[in-house]
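Participant: Below you'll find the structure I mean.
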Amino acid sequence: MNRFEFISSIIGASIKISSNSIFFNQKENNPLLIGKGFPDLNKGPIKILKSVELKFNQMKNAAKKEGINIKIVSGYRSFQRQKLIWNKKYLNNQKQGLNPIENINKIIQYSTIPGTSRHHWGTEIDIIDENHNIKGDLLLEKNYYDNSFEALRLWMEKNSYKYGFILPYTKDKNRSGFLYEPWHYSYSKLSIPFLEEYIQLKMIDKIYDPEILGIEMLTKDFLYEYQKKFILGIDKKLLF
Ligand SMILES: [Zn+2]
C-alpha cells in the first residue's frame, strides 16, 4: 500500500464510523463515551441528555395517568464520579479482608469499572415509584416484586419500549455479566449507537487511570474479557 492509499484507507475508515455516529464531527476516541466529555445535559438535580429527558417526560406522563409516579434516582455519571464510587467500594471490601481479585469480582456484580459505565452516556436511568416512600436501599430486586415498586416494574415491562426505553440487565439466566437490575432502563435510540462506537473505537483501552484502586489487576486481557461478558452482557435488543 503506498502512502496515498494508506491515508485514503484511514479517511475511509473514519468516514464509515462517522456516518452513523451521534458524535459526528468529533474526534475518534470520544471522551464522552467514557464519561470525560461535556454532554448536552438537562437542568435539574439528576442529569440526563436533553433529548433523553424529552422522551422520558412523555413516558412519565403516560405512567402518571395510570397512577405511577416515575422518578429518576440516578442518571448521568462522570468518570470522576464513577471512580469515587468504585474506590469507596474497593476500600470497604479491602477492610473486610478481600484480596484484589475477590474485591473486583464483588464490585462488578452491580457496579462498573470507571470508564465503562453506561451511565456515562446520559442515556441511562435508575427509576423508582415516588408514590411509595420506603426506607433503606431503594434499588433492590425485592422492592420491585412487592407492594413498593411492583406496579412500576409491570408498567415499564409493558410500556417502556414505546418510548424507546429498554432494560439492559434482564433476569435472563443465559445472560452474562451484571446481575438483574429491574430499575435500570436505557434509551435505546442513542445507547445502541453509543455502544457500537464504544466497541469500534476500542474505548476500553482509554480508561487507564492510576487513581483507580486495583488498577494493576485490570490488565488488557481482563478488560477485554470484561467487555465481552459485562459490557456486552446485556439484552440482545440493545446490541448493535
Ligand atoms: Zn443504573
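Letters A, B, ... mark the chains of the C-alpha cells in the order given; residue numbers begin at 1 per chain; ligand numbers begin at 1, in order shown.
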Could you list the protein, DNA and RNA residues that have any atom within 10 Å of ligand 1, counting only C-alpha atoms and all ligand atoms, and write them as an MDAnalysis selection string?
Facilitator: chainID A and resid 73:77 110:112 117:119 124:127 139 167:169 181:186
Participant: Excluding A:Gln227 and its own-chain neighbours fewer than 5 positions away, which residues fall within 9 Å of it when counting only C-alpha atoms? Please give them as number ranges by chain.
Facilitator: A: 116, 199, 204, 222, 232-233
Participant: Can you work out which one of A:Lys236, A:Lys83, A:Lys71, A:Lys65 has the shortest atom-to-atom distance to A:Lys36, counting only C-alpha atoms?
Facilitator: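 The answer is A:Lys83, which sits nearest to A:Lys36.
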Participant: Can you check which residues of stretch 67-180 of chain A DSSP gives as strand (DSSP E or B) on the backbone and send them as a list of chain:residue names?
Facilitator: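 Put together, the selection reads A:Ile70, A:Lys71, A:Ile72, A:Val73, A:Ser74, A:Glu124, A:Ile125, A:Asp126, A:Ile127, A:Ile128, A:Asp129, A:Phe165, A:Ile166.
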Participant: Would you mind exporting the chosen residues as a compact mmCIF listing (two decimals), in the first residue's frame, restricted to C-alpha atoms?
Facilitator:
```txt
# COMPACT_ATOMS: atom_id res chain seq x y z
CA ILE A 70 -41.74 7.54 37.91
CA LYS A 71 -38.77 9.25 39.50
CA ILE A 72 -35.17 9.05 38.30
CA VAL A 73 -32.77 8.48 41.19
CA SER A 74 -29.63 8.14 39.08
CA GLU A 124 -29.42 5.52 31.32
CA ILE A 125 -31.85 5.94 34.20
CA ASP A 126 -32.39 4.15 37.50
CA ILE A 127 -36.02 4.62 38.48
CA ILE A 128 -38.39 4.21 41.41
CA ASP A 129 -42.08 4.95 42.01
CA PHE A 165 -36.56 2.62 26.94
CA ILE A 166 -35.25 -0.96 27.32
```
Participant: Using only C-alpha atoms for the distances, tell me which of A:Lys158, A:Lys206, A:Lys189, A:Lys173 is nearest to A:Val52.
Facilitator: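 Among the listed residues, A:Lys189 lies closest to A:Val52.
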Participant: Please return, as a ChimeraX atom specification, all residues of stretch 2-239 of chain A that DSSP assigns to helix (DSSP H, G or I) on the basis of the backbone.
Facilitator: /A:3-19,31-34,50-64,79-95,100-107,118-121,141-144,150-163,188-200,203-206,215-217,220-231,236-238
Participant: Measuring atom to atom with only C-alpha atoms, identify which of A:Asn87, A:Gln58, A:Ser188, A:Asn105 is nearest to A:Phe230.
Facilitator: A:Asn105
Participant: Please provide as a list of chain:residue names all residues within 8 Å of A:Phe194, with the sequence filter that same-chain residues fewer than 2 positions apart are discarded (counting only C-alpha atoms).
Facilitator: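 Result of the neighbour search: A:Ser21, A:Ile22, A:Leu33, A:Trp121, A:Leu190, A:Ser191, A:Ile192, A:Glu196, A:Glu197, A:Tyr198.
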Participant: When you count only C-alpha atoms, which of these residues is closest to A:Leu195: A:Gly44, A:Lys106, A:Asn30, A:Gly177?
Facilitator: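 Result for the nearest residue to A:Leu195: A:Asn30.
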Participant: Taking only C-alpha atoms into account, which of A:Lys228, A:Ile234, A:Asn61, A:Ser78 comes nearest A:Leu41?
Facilitator: A:Ser78
Participant: Could you check the closest approach to A:Thr123 for each of A:Ser51, A:Asn92, A:Gln80, A:Asn57 and tell me which residue wins, using only C-alpha atoms?
Facilitator: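 The closest residue to A:Thr123 is A:Ser51.
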Participant: Kindly give the distance, in Å, that separates atom CA of A:Tyr163 and atom CA of A:Lys64, rounded to a single decimal.
Facilitator: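 Going from atom CA of A:Tyr163 over to atom CA of A:Lys64 covers 14.4 Å.
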